[in-house]
Structures are given as C-alpha cells and as structure tokens.
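Below is one structure, written out as structure tokens, with a few remarks after it.
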2 protein chains.
Amino acid sequence: MASIFTKIIKGEIPSYKIAENDQCFAFLDINPLAKGHTLVVPKKEIDYLFDVEDELYRLLFTFSKQVAKAIEKVIPCERVGIAVLGLEVPHAHIHLIPINSIYDIEFSRPKLKLSEEEFKDIASGIRQEYEKINQ
Amino acid sequence: MASIFTKIIKGEIPSYKIAENDQCFAFLDINPLAKGHTLVVPKKEIDYLFDVEDELYRLLFTFSKQVAKAIEKVIPCERVGIAVLGLEVPHAHIHLIPINSIYDIEFSRPKLKLSEEEFKDIASGIRQEYEKINQ
C-alpha cells in the first residue's frame with residue numbers, strides 16, 4: 001500500500017508543497033513544531049533513510065540544504081535544524097525545523113495549531129524563496 | 001580560536017574515536033542521550049552545517065551513513081536517528097543517536113553517565129564494525 005507521503009507526492013492527499021525535483025519532494029509538516037517545519041522525502045518509497053542508496057541519499061540532503069536556505073529567509077530563527085527519526089511513517093523523511101533552542105526539536109511537545117491561511121502563507125513564502133535561490 | 005572539535009580532531013583533547021576519513025571525523029558524544037550516540041564533524045571548522053560547501057556537505061552525510069550502519073550493528077535499537085541543532089559548539093556537527101522512541105532524541109533529557117570502560121568498549125565495537133564494512 002502506498003505510504004501517506006507517496007499519496008501526498010502524487011497529489012492524492014493535499015499538501016502545502018514547498019518544492020520538488022526529479023527525485024525529492026518537500027512540503028510543510030501539518031503538525032509542526034515551529035512555523036516553517038518542513039518534511040523532505042524521496043519520491044521513491046524507502047522505509048529507512050540509511051537504506052536509501054548513496055546517490056539518492058546525497059540528492060536528498062543536497063535538496064534539503066536548498067530548502068533549508070529558503071526556510072531561513074522566511075522564518076526568523078537562529079538555525080534550521082535537522083531531525084530524522086523514522087519511527088512512524090515507513091517512508092524516509094527529513095524534518096527541517098526552524099529552531100532557537102534545543103526545546104524546539106522535541107517531538108513530544110504540543111504541536112502548533114495553524115490555520116489553513118497561515119500554512120498557505122508560509123508555504124508560499126518559502127516556495128518563492130526556493131525558486132529565487134534555484135532559478 | 002580552535003573549536004573544541006578541532007582540538008579533538010587534532011588529538012589535543014582525547015576522544016573515543018569511531019572513524020575518520022580525509023575530511024570527516026566521528027567520535028562518541030561524552031554526554032550521550034543513548035549508548036552509541038556519536039558526533040560526526042567536518043575537519044574543516046565551519047559553524048553552520050548549511051554553510052558547508054556542497055561537496056564536503058555530501059561527503060559528511062555519506063560518512064554519517066557509513067558510521068550509522070556500524071552503530072546499528074553494535075547497539076540494539078529501532079533506528080539510528082539524526083539530529084542537527086548547532087546552537088552550542090560553533091563547529092558543524094551531526095548527532096547520530098540510536099533510538100527506540102521519539103523521546104530518545106530530546107536534548108533536554110538527562111544524559112547517560114557511562115564509565116570510561118563503557119565508552120571504550122562501545123567505541124571499540126563500533127570502530128571494528130565500521131572497519132569491517134569499509135575495508
């Protein structure tokens with residue numbers, strides 16, 4: 001069965017898309033730890049990040065860097081942090097999270113509740129920056 | 001002034017080394033969230049991970065994958081997770097953390113206290129696996 005991320009990539013489930021290339025896709029986490037919290041996934045459905053073959057694995061992290069650069073242009077933060085856990089959805093994904101303290105990367109914290117309008121505005125802002133950087 | 005990680009890489013400060021290559025270095029975190037918690041750093045002192053130039057950045061993540069594969073051979077865990085925060089030491093570093101739940105990657109949790117013997121045993125086990133995989 002297709003993972004929820006595969007359904008998002010195919011557009012079968014709506015998402016606040018940030019960017020994509022041939023092999024990777026980025027969209028907002030709808031249970032964000034911070035505004036701008038983004039998920040980066042390979043289009044190919046592989047459960048465990050460290051099982052992704054080297055070439056795609058490198059592409060995924062290079063794409064994540066490009067997305068992170070766009071996030072930090074839009075979201076005020078000290079840094080964009082990275083987290084990879086992979087305990088829930090069996091489709092490798094990289095969390096990019098704007099952080100100001102170590103607490104901003106704790107997944108047991110209550111998630112932000114944002115309106116559709118807020119998600120749309122954030123996604124649109126980051127998408128524009130991504131396109132500016134990578135045009 | 002050289003960062004604490006540069007001093008570790010140069011051997012001016014002792015560490016429980018796991019592995020190194022031309023441009024990257026891995027060693028145990030001495031304030032670990034879990035047994036086998038490892039730090040991967042570029043030998044070049046760059047503060048922010050997303051400022052590391054693409055080639056070195058990709059090398060760093062490829063090396064991290066090789067180290068993670070060795071960690072999971074030695075430390076019983078669901079996954080090896082990744083965390084990058086970068087709020088404390090101004091020398092980019094990737095945390096590789098054996099995890100079984102989302103709580104295992106929370107940096108505000110009390111750190112494990114391990115004896116020198118335990119650190120040495122863990123490092124030696126992971127180092128041997130790394131060498132086996134990459135010989």
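Going through the structure tokens in order, the chains are called A, B, and so on, while each chain numbers its residues from 1 and the ligands are numbered from 1 in the order shown.
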
Extract, using only C-alpha atoms, all DNA, RNA and protein residues at most 10 Å from Glu88 in chain A, discarding same-chain residues fewer than 6 positions from it, and format them as a list of chain:residue names.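 Contacts, in chain order: A:Asp47, B:Ser101, B:Ile102.
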
Determine, counting only C-alpha atoms, which protein, DNA and RNA residues have an atom within 7 Å of an atom of range 124-127 of chain B; residues of the same chain fewer than 6 positions away are not included. Present the result as a list in words.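 With the cut-off at 7 Å, the set is Ile18, Ala19, Ala70, Ile71 and Val74 of chain B.
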
Name the residues of range 10-128 of chain A that come out as strand (DSSP E or B) in a backbone DSSP run; write them as a list of chain:residue names.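 Taking range 10-128 of chain A and keeping strand (DSSP E or B) only, one gets A:Lys17, A:Ile18, A:Ala19, A:Glu20, A:Cys24, A:Phe25, A:Ala26, A:Phe27, A:Leu28, A:Thr38, A:Leu39, A:Val40, A:Val41, A:Pro42, A:Arg79, A:Val80, A:Gly81, A:Ile82, A:Ala83, A:Val84, A:Ile94, A:His95, A:Leu96, A:Ile97, A:Pro98, A:Ile99.
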
How would the residues just picked look written out with N, CA and C atoms as a PDB file, in the first residue's frame?
```pdb
ATOM      1  N   LYS A  17       2.818  22.321  -0.448  1.00  0.00           N
ATOM      2  CA  LYS A  17       4.071  21.976  -1.124  1.00  0.00           C
ATOM      3  C   LYS A  17       5.068  23.134  -1.081  1.00  0.00           C
ATOM      4  N   ILE A  18       6.321  22.792  -0.890  1.00  0.00           N
ATOM      5  CA  ILE A  18       7.401  23.784  -0.910  1.00  0.00           C
ATOM      6  C   ILE A  18       8.173  23.690  -2.221  1.00  0.00           C
ATOM      7  N   ALA A  19       8.604  22.504  -2.581  1.00  0.00           N
ATOM      8  CA  ALA A  19       9.448  22.360  -3.771  1.00  0.00           C
ATOM      9  C   ALA A  19       9.567  20.892  -4.133  1.00  0.00           C
ATOM     10  N   GLU A  20       9.979  20.635  -5.356  1.00  0.00           N
ATOM     11  CA  GLU A  20      10.299  19.254  -5.730  1.00  0.00           C
ATOM     12  C   GLU A  20      11.355  19.276  -6.830  1.00  0.00           C
ATOM     13  N   CYS A  24      12.990  14.166  -5.373  1.00  0.00           N
ATOM     14  CA  CYS A  24      12.701  14.575  -3.992  1.00  0.00           C
ATOM     15  C   CYS A  24      11.511  15.527  -3.948  1.00  0.00           C
ATOM     16  N   PHE A  25      10.883  15.603  -2.776  1.00  0.00           N
ATOM     17  CA  PHE A  25       9.670  16.410  -2.602  1.00  0.00           C
ATOM     18  C   PHE A  25       9.706  17.018  -1.203  1.00  0.00           C
ATOM     19  N   ALA A  26       9.298  18.293  -1.087  1.00  0.00           N
ATOM     20  CA  ALA A  26       9.279  18.957   0.225  1.00  0.00           C
ATOM     21  C   ALA A  26       7.936  19.637   0.449  1.00  0.00           C
ATOM     22  N   PHE A  27       7.394  19.487   1.653  1.00  0.00           N
ATOM     23  CA  PHE A  27       6.090  20.073   1.980  1.00  0.00           C
ATOM     24  C   PHE A  27       6.038  20.355   3.482  1.00  0.00           C
ATOM     25  N   LEU A  28       5.116  21.238   3.885  1.00  0.00           N
ATOM     26  CA  LEU A  28       5.015  21.576   5.304  1.00  0.00           C
ATOM     27  C   LEU A  28       4.473  20.411   6.114  1.00  0.00           C
ATOM     28  N   THR A  38       9.283  21.684   7.923  1.00  0.00           N
ATOM     29  CA  THR A  38       9.127  21.097   6.580  1.00  0.00           C
ATOM     30  C   THR A  38       9.606  19.648   6.571  1.00  0.00           C
ATOM     31  N   LEU A  39       8.955  18.831   5.763  1.00  0.00           N
ATOM     32  CA  LEU A  39       9.391  17.441   5.567  1.00  0.00           C
ATOM     33  C   LEU A  39       9.974  17.291   4.167  1.00  0.00           C
ATOM     34  N   VAL A  40      11.107  16.652   4.080  1.00  0.00           N
ATOM     35  CA  VAL A  40      11.742  16.361   2.788  1.00  0.00           C
ATOM     36  C   VAL A  40      11.767  14.848   2.617  1.00  0.00           C
ATOM     37  N   VAL A  41      11.249  14.376   1.504  1.00  0.00           N
ATOM     38  CA  VAL A  41      11.157  12.915   1.283  1.00  0.00           C
ATOM     39  C   VAL A  41      11.658  12.550  -0.115  1.00  0.00           C
ATOM     40  N   PRO A  42      12.183  11.332  -0.245  1.00  0.00           N
ATOM     41  CA  PRO A  42      12.479  10.833  -1.594  1.00  0.00           C
ATOM     42  C   PRO A  42      11.160  10.399  -2.246  1.00  0.00           C
ATOM     43  N   ARG A  79      18.678  29.021  13.580  1.00  0.00           N
ATOM     44  CA  ARG A  79      19.157  27.999  12.669  1.00  0.00           C
ATOM     45  C   ARG A  79      17.975  27.238  12.107  1.00  0.00           C
ATOM     46  N   VAL A  80      18.218  26.525  11.016  1.00  0.00           N
ATOM     47  CA  VAL A  80      17.292  25.453  10.655  1.00  0.00           C
ATOM     48  C   VAL A  80      17.953  24.144  11.115  1.00  0.00           C
ATOM     49  N   GLY A  81      17.268  23.431  11.981  1.00  0.00           N
ATOM     50  CA  GLY A  81      17.787  22.162  12.488  1.00  0.00           C
ATOM     51  C   GLY A  81      17.288  21.003  11.653  1.00  0.00           C
ATOM     52  N   ILE A  82      17.929  19.869  11.842  1.00  0.00           N
ATOM     53  CA  ILE A  82      17.546  18.636  11.140  1.00  0.00           C
ATOM     54  C   ILE A  82      17.177  17.582  12.169  1.00  0.00           C
ATOM     55  N   ALA A  83      16.112  16.844  11.906  1.00  0.00           N
ATOM     56  CA  ALA A  83      15.822  15.656  12.710  1.00  0.00           C
ATOM     57  C   ALA A  83      15.341  14.548  11.795  1.00  0.00           C
ATOM     58  N   VAL A  84      15.863  13.360  12.042  1.00  0.00           N
ATOM     59  CA  VAL A  84      15.377  12.170  11.346  1.00  0.00           C
ATOM     60  C   VAL A  84      15.118  11.119  12.414  1.00  0.00           C
ATOM     61  N   ILE A  94      13.040  13.653   6.196  1.00  0.00           N
ATOM     62  CA  ILE A  94      13.938  14.533   6.943  1.00  0.00           C
ATOM     63  C   ILE A  94      13.123  15.732   7.427  1.00  0.00           C
ATOM     64  N   HIS A  95      13.130  15.966   8.744  1.00  0.00           N
ATOM     65  CA  HIS A  95      12.478  17.159   9.286  1.00  0.00           C
ATOM     66  C   HIS A  95      13.453  18.333   9.220  1.00  0.00           C
ATOM     67  N   LEU A  96      13.024  19.429   8.655  1.00  0.00           N
ATOM     68  CA  LEU A  96      13.773  20.687   8.711  1.00  0.00           C
ATOM     69  C   LEU A  96      12.971  21.627   9.609  1.00  0.00           C
ATOM     70  N   ILE A  97      13.579  22.023  10.713  1.00  0.00           N
ATOM     71  CA  ILE A  97      12.814  22.756  11.741  1.00  0.00           C
ATOM     72  C   ILE A  97      13.542  24.044  12.134  1.00  0.00           C
ATOM     73  N   PRO A  98      12.880  25.192  11.947  1.00  0.00           N
ATOM     74  CA  PRO A  98      13.486  26.438  12.434  1.00  0.00           C
ATOM     75  C   PRO A  98      13.615  26.363  13.953  1.00  0.00           C
ATOM     76  N   ILE A  99      14.804  26.596  14.482  1.00  0.00           N
ATOM     77  CA  ILE A  99      14.999  26.455  15.931  1.00  0.00           C
ATOM     78  C   ILE A  99      15.692  27.676  16.534  1.00  0.00           C
TER      79      ILE A  99
END
```

Residues of chain A at most 9 Å from chain B: nearest atom pair and distance in Å, only C-alpha atoms, as a Markdown table:
```
| residue | atom | partner | partner_atom | distance |
| --- | --- | --- | --- | --- |
| A:Tyr48 | CA | B:Arg79 | CA | 8.1 |
| A:Leu49 | CA | B:Lys65 | CA | 8.9 |
| A:Phe50 | CA | B:Lys65 | CA | 5.9 |
| A:Asp51 | CA | B:Lys65 | CA | 8.9 |
| A:Asp54 | CA | B:Thr62 | CA | 7.1 |
| A:Tyr57 | CA | B:Thr62 | CA | 8.0 |
| A:Arg58 | CA | B:Arg58 | CA | 5.8 |
| A:Leu59 | CA | B:Arg58 | CA | 8.5 |
| A:Phe61 | CA | B:Arg58 | CA | 7.3 |
| A:Thr62 | CA | B:Asp54 | CA | 7.1 |
| A:Lys65 | CA | B:Phe50 | CA | 6.0 |
| A:Gln66 | CA | B:Phe50 | CA | 8.6 |
| A:Ala68 | CA | B:Phe50 | CA | 7.6 |
| A:Lys69 | CA | B:Phe50 | CA | 7.4 |
| A:Glu78 | CA | B:Leu87 | CA | 7.8 |
| A:Arg79 | CA | B:Leu85 | CA | 7.4 |
| A:Val80 | CA | B:Leu85 | CA | 7.6 |
| A:Gly81 | CA | B:Leu85 | CA | 4.9 |
| A:Ile82 | CA | B:Val84 | CA | 4.8 |
| A:Ala83 | CA | B:Ala83 | CA | 4.5 |
| A:Val84 | CA | B:Ile82 | CA | 4.8 |
| A:Leu85 | CA | B:Gly81 | CA | 4.9 |
| A:Gly86 | CA | B:Arg79 | CA | 7.5 |
| A:Leu87 | CA | B:Ser101 | CA | 7.1 |
| A:Ile94 | CA | B:Ile82 | CA | 8.9 |
| A:Ile99 | CA | B:Leu85 | CA | 7.6 |
| A:Asn100 | CA | B:Leu87 | CA | 7.8 |
| A:Ser101 | CA | B:Leu87 | CA | 7.1 |
| A:Ile102 | CA | B:Phe107 | CA | 6.2 |
| A:Tyr103 | CA | B:Ser108 | CA | 6.9 |
| A:Ile105 | CA | B:Glu106 | CA | 7.3 |
| A:Glu106 | CA | B:Glu106 | CA | 5.4 |
| A:Phe107 | CA | B:Ile102 | CA | 6.2 |
| A:Ser108 | CA | B:Tyr103 | CA | 6.9 |
```

Please extract the residues of chain A with a backbone DSSP assignment of alpha helix (DSSP H) and present them as a PyMOL selection string. chain A and resi 4-9+54-74+116-133

Coordinates-based distance that separates CA of His37 in chain A from CA of Leu112 in chain B (Å, one decimal):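 Computing the Euclidean distance for CA of Leu112 in chain B and CA of His37 in chain A yields 29.0 Å.
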
Between CA of Ile75 in chain A and CA of Ile13 in chain A, what is the distance, to one decimal in Å?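 Interatomic distance, CA of Ile75 in chain A to CA of Ile13 in chain A: 25.6 Å.
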
Name the residues in contact with Ile30 in chain B at a cut-off of 12 Å, using only C-alpha atoms, excluding same-chain residues fewer than 5 positions from it; report them as a list of chain:residue names. B:Pro14, B:Ser15, B:Tyr16, B:Lys17, B:Lys35, B:Gly36, B:His37, B:Thr38, B:Leu39, B:His95, B:Lys111, B:Leu112, B:Lys113, B:Leu114, B:Ser115, B:Glu116, B:Glu118, B:Phe119, B:Lys120, B:Ile122, B:Ala123

What separation in Å, quoted to one decimal, exists between CA of Glu45 in chain A and CA of Val89 in chain A?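 These atoms are spaced 10.7 Å apart.
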
Between B:Leu56, B:Glu72, B:Pro90, B:Lys44, single out the one closest to Lys10 in chain B, counting only C-alpha atoms. B:Lys44

Counting only C-alpha atoms, which of B:Pro76, B:Pro32, B:Arg109, B:Phe63 gets nearest to Ile133 in chain B? B:Phe63
